[in-house]
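*Asks:* Got a structure for you, target-v1.txt, holding compact mmCIF, C-alpha atoms.
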# COMPACT_ATOMS: atom_id res chain seq x y z
CA ALA H 1 100.77 92.59 103.38
CA ALA H 2 103.30 93.90 100.86
CA VAL H 3 101.27 92.59 97.93
CA ARG H 4 98.11 94.27 99.24
CA MET H 5 100.00 97.55 99.60
CA THR H 6 101.34 97.42 96.04
CA ARG H 7 97.77 97.06 94.77
CA SER H 8 96.66 100.25 96.53
CA ARG H 9 97.29 103.62 94.93
CA LYS H 10 98.73 105.18 98.09
CA ILE H 11 99.67 104.08 101.59
CA VAL H 12 98.09 106.58 103.97
CA PHE H 13 97.97 106.64 107.77
CA ASP H 14 95.52 108.73 109.80
CA LEU H 15 97.73 111.27 111.59
CA ASP H 16 96.74 114.19 113.83
CA TRP H 17 98.87 116.92 112.28
CA SER H 18 97.75 119.41 114.96
CA GLU H 19 100.10 117.59 117.37
CA GLY H 20 103.05 119.28 115.68
CA PHE H 21 106.39 117.92 116.81
CA ASP H 22 104.63 115.76 119.42
CA LEU H 23 103.08 113.75 116.58
CA VAL H 24 103.31 110.01 117.31
CA LEU H 25 104.38 107.78 114.39
CA PRO H 26 104.11 104.17 115.60
CA HIS H 27 103.61 102.83 112.06
CA LEU H 28 107.13 103.74 110.96
CA SER H 29 108.70 100.77 112.76
CA ASN H 30 106.26 98.41 111.01
CA ILE H 31 106.94 100.00 107.62
CA LYS H 32 110.69 99.72 108.19
CA GLY H 33 110.31 96.07 109.18
CA LEU H 34 108.30 95.33 106.04
CA PHE H 35 110.97 96.94 103.88
CA GLY H 36 113.69 94.89 105.56
CA TRP H 37 111.66 91.72 105.04
CA ALA H 38 111.39 92.45 101.31
CA LYS H 39 115.17 92.69 100.96
CA ALA H 40 115.70 89.46 102.90
CA SER H 41 113.05 87.68 100.83
CA VAL H 42 114.68 88.65 97.52
CA ILE H 43 118.15 87.55 98.63
CA HIS H 44 116.83 84.28 100.05
CA ASP H 45 114.98 83.46 96.81
CA LEU H 46 118.11 84.24 94.79
CA HIS H 47 120.23 81.93 96.89
CA GLU H 48 117.61 79.24 96.48
CA ARG H 49 117.64 79.95 92.71
CA ARG H 50 113.94 80.88 92.70
CA PHE H 51 114.51 83.66 90.22
CA ASP H 52 110.98 84.57 89.14
CA PRO H 53 109.69 85.01 92.76
CA ALA H 54 112.82 87.03 93.57
CA MET H 55 112.21 89.43 90.68
CA LYS H 56 108.50 89.70 91.50
CA THR H 57 109.22 90.62 95.13
CA GLN H 58 111.93 93.05 94.06
CA ILE H 59 109.60 94.93 91.72
CA GLU H 60 106.79 95.01 94.28
CA ALA H 61 109.19 96.33 96.93
CA LEU H 62 110.28 99.15 94.63
CA GLN H 63 106.66 99.99 93.85
CA LEU H 64 106.01 100.51 97.56
CA ILE H 65 108.46 103.41 97.83
CA PRO H 66 106.49 106.11 95.93
CA LYS H 67 103.20 104.89 97.46
CA PHE H 68 104.32 105.62 101.01
CA HIS H 69 104.91 109.32 101.44
CA GLU H 70 104.31 111.50 104.48
CA PRO H 71 105.55 115.10 104.44
CA LEU H 72 107.91 114.58 107.38
CA ILE H 73 111.69 114.36 107.38
CA ILE H 74 111.69 111.21 109.51
CA SER H 75 109.23 109.50 107.15
CA GLU H 76 111.36 110.45 104.15
CA LEU H 77 114.39 108.98 105.91
CA VAL H 78 112.49 105.71 106.38
CA ARG H 79 111.66 105.70 102.65
CA MET H 80 115.35 106.28 101.90
CA GLN H 81 116.29 103.37 104.14
CA HIS H 82 113.88 101.20 102.17
CA ALA H 83 115.50 102.35 98.93
CA ASN H 84 118.92 101.47 100.33
CA TYR H 85 117.64 98.00 101.21
CA GLN H 86 116.34 97.52 97.67
CA ILE H 87 119.53 98.82 96.07
CA ASP H 88 121.46 96.21 98.05
CA SER H 89 119.20 93.40 96.85
CA ILE H 90 119.27 94.67 93.24
CA TRP H 91 123.09 94.54 93.22
CA GLU H 92 122.78 90.95 94.42
CA LEU H 93 120.16 90.21 91.75
CA LEU H 94 122.39 91.57 88.97
CA GLN H 95 125.09 89.03 89.79
CA TYR H 96 122.94 86.36 88.11
CA ASP H 97 122.51 85.80 84.37
CA GLU H 98 119.04 84.23 84.43
CA TRP H 99 117.14 87.41 83.58
CA SER H 100 115.37 88.28 80.36
CA ASP H 101 115.39 91.74 78.83
CA VAL H 102 111.66 91.97 79.61
CA GLN H 103 112.25 91.30 83.31
CA LEU H 104 115.07 93.81 83.53
CA GLY H 105 112.93 96.34 81.66
CA GLN H 106 110.18 95.90 84.26
CA LEU H 107 112.77 96.38 87.00
CA ALA H 108 114.02 99.56 85.33
CA GLN H 109 110.43 100.82 85.05
CA ALA H 110 109.88 100.23 88.77
CA MET H 111 113.14 102.06 89.51
CA SER H 112 112.05 105.08 87.49
CA GLY H 113 109.34 105.93 90.02
CA VAL H 114 111.75 106.10 92.96
CA ARG H 115 112.61 109.76 93.57
CA PHE H 116 113.17 111.75 96.75
CA GLY H 117 113.81 115.40 95.90
CA LYS H 118 110.20 116.61 95.67
CA GLY H 119 109.18 114.46 98.64
CA MET H 120 111.84 116.04 100.84
CA ILE H 121 110.79 119.53 99.73
CA GLU H 122 107.22 118.74 100.83
CA ALA H 123 108.62 117.44 104.13
CA LEU H 124 110.59 120.66 104.64
CA GLU H 125 107.47 122.69 103.90
CA MET H 126 105.54 120.70 106.52
CA GLU H 127 108.35 121.09 109.05
CA ARG H 128 108.28 124.84 108.47
CA ALA H 129 104.53 124.89 109.19
CA MET H 130 105.09 122.80 112.32
CA ILE H 131 107.83 125.17 113.49
CA ILE H 132 105.44 128.12 113.16
CA HIS H 133 102.69 126.19 114.97
CA THR H 134 105.04 125.06 117.76
CA GLY H 135 106.51 128.54 118.24
CA GLN H 136 103.05 130.05 118.55
CA GLU H 137 102.06 127.34 121.06
CA TRP H 138 105.17 128.03 123.14
CA MET H 139 104.35 131.73 123.23
CA LYS H 140 100.80 131.02 124.41
CA GLU H 141 101.87 128.41 126.97
CA PRO H 142 105.37 129.34 128.24
CA GLY H 143 105.75 126.17 130.31
CA LYS H 144 106.08 124.11 127.14
CA ILE H 145 109.43 125.64 126.24
CA TYR H 146 110.96 124.66 129.58
CA ASP H 147 109.55 121.14 129.28
CA ARG H 148 111.06 120.81 125.82
CA ILE H 149 114.58 121.93 126.69
CA SER H 150 114.52 119.96 129.94
CA ARG H 151 113.93 116.83 127.85
CA MET H 152 116.83 117.75 125.57
CA SER H 153 119.26 118.48 128.44
CA SER H 154 119.72 117.88 132.16
CA GLY H 155 117.61 120.91 133.10
CA GLY H 156 119.11 123.18 135.75
CA PRO H 157 119.89 126.92 135.80
CA ASP H 158 120.89 127.23 132.13
CA SER H 159 117.61 125.67 130.99
CA MET H 160 115.64 127.93 133.30
CA PHE H 161 117.56 131.05 132.17
CA ASN H 162 117.23 130.30 128.45
CA SER H 163 113.55 129.41 128.69
CA ALA H 164 112.91 132.60 130.70
CA ALA H 165 114.77 134.66 128.09
CA TRP H 166 112.75 132.98 125.32
CA MET H 167 109.45 133.77 127.08
CA LEU H 168 110.46 137.38 127.81
CA GLY H 169 111.09 138.28 124.18
CA ALA H 170 113.90 136.24 122.63
CA GLY H 171 111.32 133.75 121.37
CA SER H 172 110.00 136.12 118.71
CA TYR H 173 113.54 136.61 117.35
CA ASP H 174 114.23 132.89 117.52
CA LEU H 175 111.04 132.05 115.63
CA ALA H 176 111.61 134.77 113.01
CA TRP H 177 115.19 133.61 112.46
CA MET H 178 114.07 130.00 112.15
CA ILE H 179 111.32 130.80 109.63
CA ASN H 180 113.78 132.79 107.50
CA TYR H 181 116.31 129.97 107.77
CA MET H 182 113.73 127.42 106.64
CA GLN H 183 112.67 129.60 103.72
CA ARG H 184 116.26 129.99 102.55
CA HIS H 185 116.85 126.24 102.75
CA LEU H 186 113.62 125.55 100.88
CA GLU H 187 114.63 127.94 98.09
CA ALA H 188 118.03 126.23 97.83
CA ALA H 189 116.38 122.79 97.79
CA ARG H 190 113.91 123.77 95.05
CA VAL H 191 116.70 125.08 92.84
CA ALA H 192 118.81 121.97 93.40
CA VAL H 193 115.97 119.50 92.76
CA GLY H 194 114.91 121.38 89.63
CA ALA H 195 118.47 121.35 88.32
CA GLU H 196 119.20 117.86 89.72
CA SER H 197 122.41 119.32 91.11
CA ALA H 198 123.82 118.88 94.61
CA SER H 199 126.33 121.66 93.97
CA ALA H 200 123.47 124.09 93.28
CA TYR H 201 122.16 123.40 96.78
CA THR H 202 125.57 123.59 98.42
CA SER H 203 126.39 126.97 96.88
CA LYS H 204 123.07 128.51 97.91
CA ALA H 205 123.05 126.91 101.36
CA ALA H 206 126.53 128.32 102.01
CA THR H 207 125.07 131.85 101.97
CA ILE H 208 122.56 131.09 104.76
CA PRO H 209 123.62 132.73 108.07
CA ARG H 210 124.59 130.55 111.02
CA ILE H 211 122.59 130.47 114.27
CA PRO H 212 123.23 133.49 116.53
CA PRO H 213 125.41 132.56 119.54
CA SER H 214 122.75 133.38 122.14
CA GLY H 215 121.57 130.35 124.10
CA ALA H 216 118.04 131.75 123.98
CA TYR H 217 117.73 130.67 120.31
CA ILE H 218 116.35 127.40 121.60
CA MET H 219 114.12 126.40 118.68
CA SER H 220 116.84 127.11 116.15
CA ARG H 221 119.34 124.94 117.99
CA LEU H 222 116.84 122.11 118.32
CA MET H 223 115.72 122.10 114.69
CA THR H 224 118.63 123.08 112.44
CA PRO H 225 120.87 119.96 112.67
CA ALA H 226 118.25 117.65 111.13
CA LEU H 227 117.26 120.23 108.53
CA GLU H 228 120.84 120.79 107.40
CA ARG H 229 121.39 117.06 106.84
CA ALA H 230 118.08 116.40 105.09
CA MET H 231 119.10 117.37 101.56
CA ASP H 232 122.50 115.73 101.92
CA ARG H 233 120.63 112.46 102.49
CA VAL H 234 118.59 113.08 99.33
CA PHE H 235 121.66 113.61 97.15
CA SER H 236 123.34 110.54 98.61
CA ILE H 237 120.42 108.18 97.90
CA GLU H 238 119.75 109.70 94.47
CA THR H 239 123.39 109.03 93.53
CA ARG H 240 123.07 105.38 94.59
CA LEU H 241 119.83 105.07 92.61
CA GLU H 242 121.42 106.50 89.46
CA MET H 243 124.30 104.04 89.76
CA CYS H 244 121.80 101.20 90.12
CA ARG H 245 119.79 102.36 87.08
CA ALA H 246 123.01 102.48 85.06
CA ALA H 247 123.92 98.95 86.15
CA ILE H 248 120.51 97.62 85.04
CA ALA H 249 120.91 99.41 81.70
CA ILE H 250 124.37 97.86 81.17
CA LYS H 251 122.97 94.42 81.93
CA ARG H 252 120.17 94.94 79.37
CA PHE H 253 122.64 96.18 76.74
CA GLN H 254 124.79 93.12 77.35
CA LEU H 255 121.80 90.81 76.90
CA ARG H 256 120.83 92.35 73.58
CA HIS H 257 124.26 92.90 72.06
CA LYS H 258 126.32 90.14 73.72
CA ASP H 259 128.86 92.77 74.66
CA LEU H 260 129.35 95.71 77.03
CA PRO H 261 128.75 99.30 75.85
CA ALA H 262 131.81 101.34 74.98
CA ASP H 263 130.66 104.03 77.41
CA LEU H 264 127.52 105.20 79.22
CA ALA H 265 126.53 107.37 76.26
CA GLY H 266 125.88 104.15 74.37
CA LEU H 267 122.98 103.42 76.74
CA VAL H 268 121.05 106.54 75.72
CA PRO H 269 118.22 106.61 74.73
CA GLY H 270 117.61 102.88 74.39
CA PHE H 271 118.23 101.97 78.02
CA LEU H 272 118.55 105.28 79.87
CA PRO H 273 116.61 108.48 79.25
CA ARG H 274 119.75 110.64 79.42
Any chance you could put this one into structure tokens?

*Replies:*
Amino acid sequence: AAVRMTRSRKIVFDLDWSEGFDLVLPHLSNIKGLFGWAKASVIHDLHERRFDPAMKTQIEALQLIPKFHEPLIISELVRMQHANYQIDSIWELLQYDEWSDVQLGQLAQAMSGVRFGKGMIEALEMERAMIIHTGQEWMKEPGKIYDRISRMSSGGPDSMFNSAAWMLGAGSYDLAWMINYMQRHLEAARVAVGAESASAYTSKAATIPRIPPSGAYIMSRLMTPALERAMDRVFSIETRLEMCRAAIAIKRFQLRHKDLPADLAGLVPGFLPR
């Protein structure tokens, strides 16, 4: 299955985007299982000293990451989990000395296509559209808001009061605040991804106002925790990827020159672009 996927240009699933936040994503568990299998297969082949099959599977597994992209935060998190799996197996792979410079060059090439910043921005843009869609649906069908917060809590008087307040007018403020919040986060994310700087995001995100204390800001309280963590996850995985790319470059340098580089600057531009 993995080999067939690597031969396709993109991995696309037929989703009904009109479902909004009720969208069902049953394929994610299968995708995650496939990614986990790839890691286990590489490590098993290495331990059995089947080096060429291990490298082949490793490269194919990396090639899957950019081919599977859905503009949803949860789907991006699954892709990141796959990348973490592959980073683990690459560190294991680099413990062996049986590789040629050609093989490591192919591995580096496969690594170069693994990026998450732009994908997460597209996911945030989709989540913003879904927030607008969901808010409009709640305003047209007030019962949906009570159903939603009842699922997120134990129900009771507070749920009834907050949902009533939302339906009687607080909802428009909640939705407006949430849209502005999303726009501010998107602007911060675009700057950070363009500059490849986590600090650029942190400084801009720090200026975004916190959620108003009113319990009637139901949508904002439901949505903001995942949104606030999304870009932190991107910077974390991108840092691990850069460390892995540097390790591959050091291994290639060592193969060619029979010695380690004096510093990372010695890897540019022959083994790293910058």

*Asks:* Set the distance at 7 Å and use all atoms listed in the file: which residues neighbour segment 217-230 of chain H once local chain neighbours fewer than 6 positions away are removed? I'd like the list as a PyMOL selection string.

*Replies:* chain H and resi 174+178+211

*Asks:* Check which residues of segment 20-66 of chain H sit at most 12 Å from segment 132-141 of chain H using only C-alpha atoms, and return one row each with the closest pair of atoms and their distance in Å to one decimal, ordered by chain and rising number, as a tab-separated table.

*Replies:*
residue	atom	partner	partner_atom	distance
H:Gly20	CA	H:Thr134	CA	6.5
H:Phe21	CA	H:Thr134	CA	7.3
H:Asp22	CA	H:Thr134	CA	9.5
H:Leu23	CA	H:Thr134	CA	11.5

*Asks:* Point out the residue among H:Gly117, H:Pro66, H:Gly105, H:Pro269 with the least atom-to-atom distance to Ser197 of chain H, counting all atoms listed in the file.

*Replies:*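 Smallest distance to Ser197 of chain H is found for H:Gly117.
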
*Asks:* Would you mind reading off the distance between atom CA of Leu107 of chain H and atom CA of His47 of chain H, one decimal, in Å?

*Replies:* 19.0 Å

*Asks:* Suppose you want the space between atom CA of Met182 of chain H and atom CA of Arg128 of chain H; what is it in Å?

*Replies:* 6.3 Å

*Asks:* Box for segment 204-222 of chain H: with edges along x, y and z, all listed atoms inside and 8 Å added on each side, what are the centre and edge lengths in Å to one decimal, as lines of an AutoDock Vina configuration file?

*Replies:*
center_x = 120.3
center_y = 127.8
center_z = 111.0
size_x = 28.4
size_y = 27.4
size_z = 42.2

*Asks:* With all atoms listed in the file as the atoms that count, which of H:Ala189, H:Ala246, H:Ala38, H:Ile11 lies nearest to Ala61 of chain H?

*Replies:*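 That would be H:Ala38, the residue with the smallest distance to Ala61 of chain H.
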
*Asks:* Which residues are close to Glu70 of chain H, i.e. within 9 Å by all atoms listed in the file, leaving aside same-chain residues fewer than 5 positions away? Reply as a ChimeraX atom specification.

*Replies:* /H:12-13,75-76,119,122-123

*Asks:* Show me a table, sorted first by chain and then by increasing residue number, of the residues of segment 74-117 of chain H having an atom at most 8 Å from segment 250-258 of chain H, each with its shortest atom pair and the distance in Å to one decimal, counting all atoms listed in the file and written as CSV.

*Replies:*
residue,atom,partner,partner_atom,distance
H:Leu94,CA,H:Lys251,CA,7.6
H:Ser100,CA,H:Leu255,CA,7.7
H:Asp101,CA,H:Arg252,CA,5.8
H:Leu104,CA,H:Arg252,CA,6.7
H:Gly105,CA,H:Arg252,CA,7.7

*Asks:* Which residue out of H:His185, H:His69, H:Arg210, H:Arg50 has the minimum interatomic distance to Asp232 of chain H when all atoms listed in the file are used?

*Replies:*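 For Asp232 of chain H, the nearest of the given residues is H:His185.
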
*Asks:* When you count only C-alpha atoms, which of these residues is closest to Gly36 of chain H: H:Asp263, H:Asp52, H:Asp88, H:Asp16?

*Replies:*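 Going through H:Asp263, H:Asp52, H:Asp88, H:Asp16 one by one, the smallest distance to Gly36 of chain H is for H:Asp88.
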
*Asks:* Taking only C-alpha atoms into account, name the residue in H:Gln109, H:Gln183, H:Gln95, H:Gln103 that is nearest to Glu127 of chain H.

*Replies:*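 Ranking H:Gln109, H:Gln183, H:Gln95, H:Gln103 by distance to Glu127 of chain H, first place goes to H:Gln183.
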
*Asks:* Have segment 227-252 of chain H completed to N, CA and C atoms, please, and pass it along as a PDB file, in the coordinates of the input.

*Replies:*
ATOM      1  N   LEU H 227     117.596 119.560 109.779  1.00  0.00           N
ATOM      2  CA  LEU H 227     117.260 120.230 108.530  1.00  0.00           C
ATOM      3  C   LEU H 227     118.481 120.338 107.619  1.00  0.00           C
ATOM      4  N   GLU H 228     119.638 120.621 108.213  1.00  0.00           N
ATOM      5  CA  GLU H 228     120.840 120.790 107.400  1.00  0.00           C
ATOM      6  C   GLU H 228     121.271 119.485 106.744  1.00  0.00           C
ATOM      7  N   ARG H 229     120.987 118.358 107.400  1.00  0.00           N
ATOM      8  CA  ARG H 229     121.390 117.060 106.840  1.00  0.00           C
ATOM      9  C   ARG H 229     120.379 116.482 105.861  1.00  0.00           C
ATOM     10  N   ALA H 230     119.163 117.020 105.860  1.00  0.00           N
ATOM     11  CA  ALA H 230     118.080 116.400 105.090  1.00  0.00           C
ATOM     12  C   ALA H 230     118.407 116.308 103.596  1.00  0.00           C
ATOM     13  N   MET H 231     118.826 117.407 102.994  1.00  0.00           N
ATOM     14  CA  MET H 231     119.100 117.370 101.560  1.00  0.00           C
ATOM     15  C   MET H 231     120.360 116.594 101.227  1.00  0.00           C
ATOM     16  N   ASP H 232     121.321 116.565 102.154  1.00  0.00           N
ATOM     17  CA  ASP H 232     122.500 115.730 101.920  1.00  0.00           C
ATOM     18  C   ASP H 232     122.096 114.270 101.768  1.00  0.00           C
ATOM     19  N   ARG H 233     121.125 113.835 102.584  1.00  0.00           N
ATOM     20  CA  ARG H 233     120.630 112.460 102.490  1.00  0.00           C
ATOM     21  C   ARG H 233     119.973 112.213 101.127  1.00  0.00           C
ATOM     22  N   VAL H 234     119.249 113.215 100.641  1.00  0.00           N
ATOM     23  CA  VAL H 234     118.590 113.080  99.330  1.00  0.00           C
ATOM     24  C   VAL H 234     119.632 112.877  98.236  1.00  0.00           C
ATOM     25  N   PHE H 235     120.661 113.714  98.214  1.00  0.00           N
ATOM     26  CA  PHE H 235     121.660 113.610  97.150  1.00  0.00           C
ATOM     27  C   PHE H 235     122.416 112.294  97.236  1.00  0.00           C
ATOM     28  N   SER H 236     122.639 111.812  98.442  1.00  0.00           N
ATOM     29  CA  SER H 236     123.340 110.540  98.610  1.00  0.00           C
ATOM     30  C   SER H 236     122.521 109.380  98.038  1.00  0.00           C
ATOM     31  N   ILE H 237     121.235 109.300  98.382  1.00  0.00           N
ATOM     32  CA  ILE H 237     120.420 108.180  97.900  1.00  0.00           C
ATOM     33  C   ILE H 237     120.150 108.301  96.404  1.00  0.00           C
ATOM     34  N   GLU H 238     119.977 109.532  95.911  1.00  0.00           N
ATOM     35  CA  GLU H 238     119.750 109.700  94.470  1.00  0.00           C
ATOM     36  C   GLU H 238     120.977 109.251  93.674  1.00  0.00           C
ATOM     37  N   THR H 239     122.168 109.485  94.217  1.00  0.00           N
ATOM     38  CA  THR H 239     123.390 109.030  93.530  1.00  0.00           C
ATOM     39  C   THR H 239     123.430 107.515  93.467  1.00  0.00           C
ATOM     40  N   ARG H 240     123.101 106.848  94.576  1.00  0.00           N
ATOM     41  CA  ARG H 240     123.070 105.380  94.590  1.00  0.00           C
ATOM     42  C   ARG H 240     122.020 104.843  93.606  1.00  0.00           C
ATOM     43  N   LEU H 241     120.871 105.503  93.542  1.00  0.00           N
ATOM     44  CA  LEU H 241     119.830 105.070  92.610  1.00  0.00           C
ATOM     45  C   LEU H 241     120.278 105.201  91.169  1.00  0.00           C
ATOM     46  N   GLU H 242     120.947 106.309  90.834  1.00  0.00           N
ATOM     47  CA  GLU H 242     121.420 106.500  89.460  1.00  0.00           C
ATOM     48  C   GLU H 242     122.459 105.441  89.088  1.00  0.00           C
ATOM     49  N   MET H 243     123.318 105.090  90.021  1.00  0.00           N
ATOM     50  CA  MET H 243     124.300 104.040  89.760  1.00  0.00           C
ATOM     51  C   MET H 243     123.599 102.702  89.511  1.00  0.00           C
ATOM     52  N   CYS H 244     122.547 102.449  90.272  1.00  0.00           N
ATOM     53  CA  CYS H 244     121.800 101.200  90.120  1.00  0.00           C
ATOM     54  C   CYS H 244     121.067 101.168  88.779  1.00  0.00           C
ATOM     55  N   ARG H 245     120.467 102.289  88.379  1.00  0.00           N
ATOM     56  CA  ARG H 245     119.790 102.360  87.080  1.00  0.00           C
ATOM     57  C   ARG H 245     120.789 102.110  85.945  1.00  0.00           C
ATOM     58  N   ALA H 246     121.987 102.683  86.091  1.00  0.00           N
ATOM     59  CA  ALA H 246     123.010 102.480  85.060  1.00  0.00           C
ATOM     60  C   ALA H 246     123.424 101.011  84.978  1.00  0.00           C
ATOM     61  N   ALA H 247     123.535 100.360  86.136  1.00  0.00           N
ATOM     62  CA  ALA H 247     123.920  98.950  86.150  1.00  0.00           C
ATOM     63  C   ALA H 247     122.872  98.078  85.468  1.00  0.00           C
ATOM     64  N   ILE H 248     121.589  98.370  85.706  1.00  0.00           N
ATOM     65  CA  ILE H 248     120.510  97.620  85.040  1.00  0.00           C
ATOM     66  C   ILE H 248     120.582  97.842  83.527  1.00  0.00           C
ATOM     67  N   ALA H 249     120.822  99.094  83.132  1.00  0.00           N
ATOM     68  CA  ALA H 249     120.910  99.410  81.700  1.00  0.00           C
ATOM     69  C   ALA H 249     122.078  98.668  81.045  1.00  0.00           C
ATOM     70  N   ILE H 250     123.212  98.579  81.720  1.00  0.00           N
ATOM     71  CA  ILE H 250     124.370  97.860  81.170  1.00  0.00           C
ATOM     72  C   ILE H 250     124.041  96.379  81.002  1.00  0.00           C
ATOM     73  N   LYS H 251     123.346  95.833  81.999  1.00  0.00           N
ATOM     74  CA  LYS H 251     122.970  94.420  81.930  1.00  0.00           C
ATOM     75  C   LYS H 251     122.027  94.175  80.732  1.00  0.00           C
ATOM     76  N   ARG H 252     121.098  95.082  80.497  1.00  0.00           N
ATOM     77  CA  ARG H 252     120.170  94.940  79.370  1.00  0.00           C
ATOM     78  C   ARG H 252     120.919  95.055  78.039  1.00  0.00           C
TER      79      ARG H 252
END
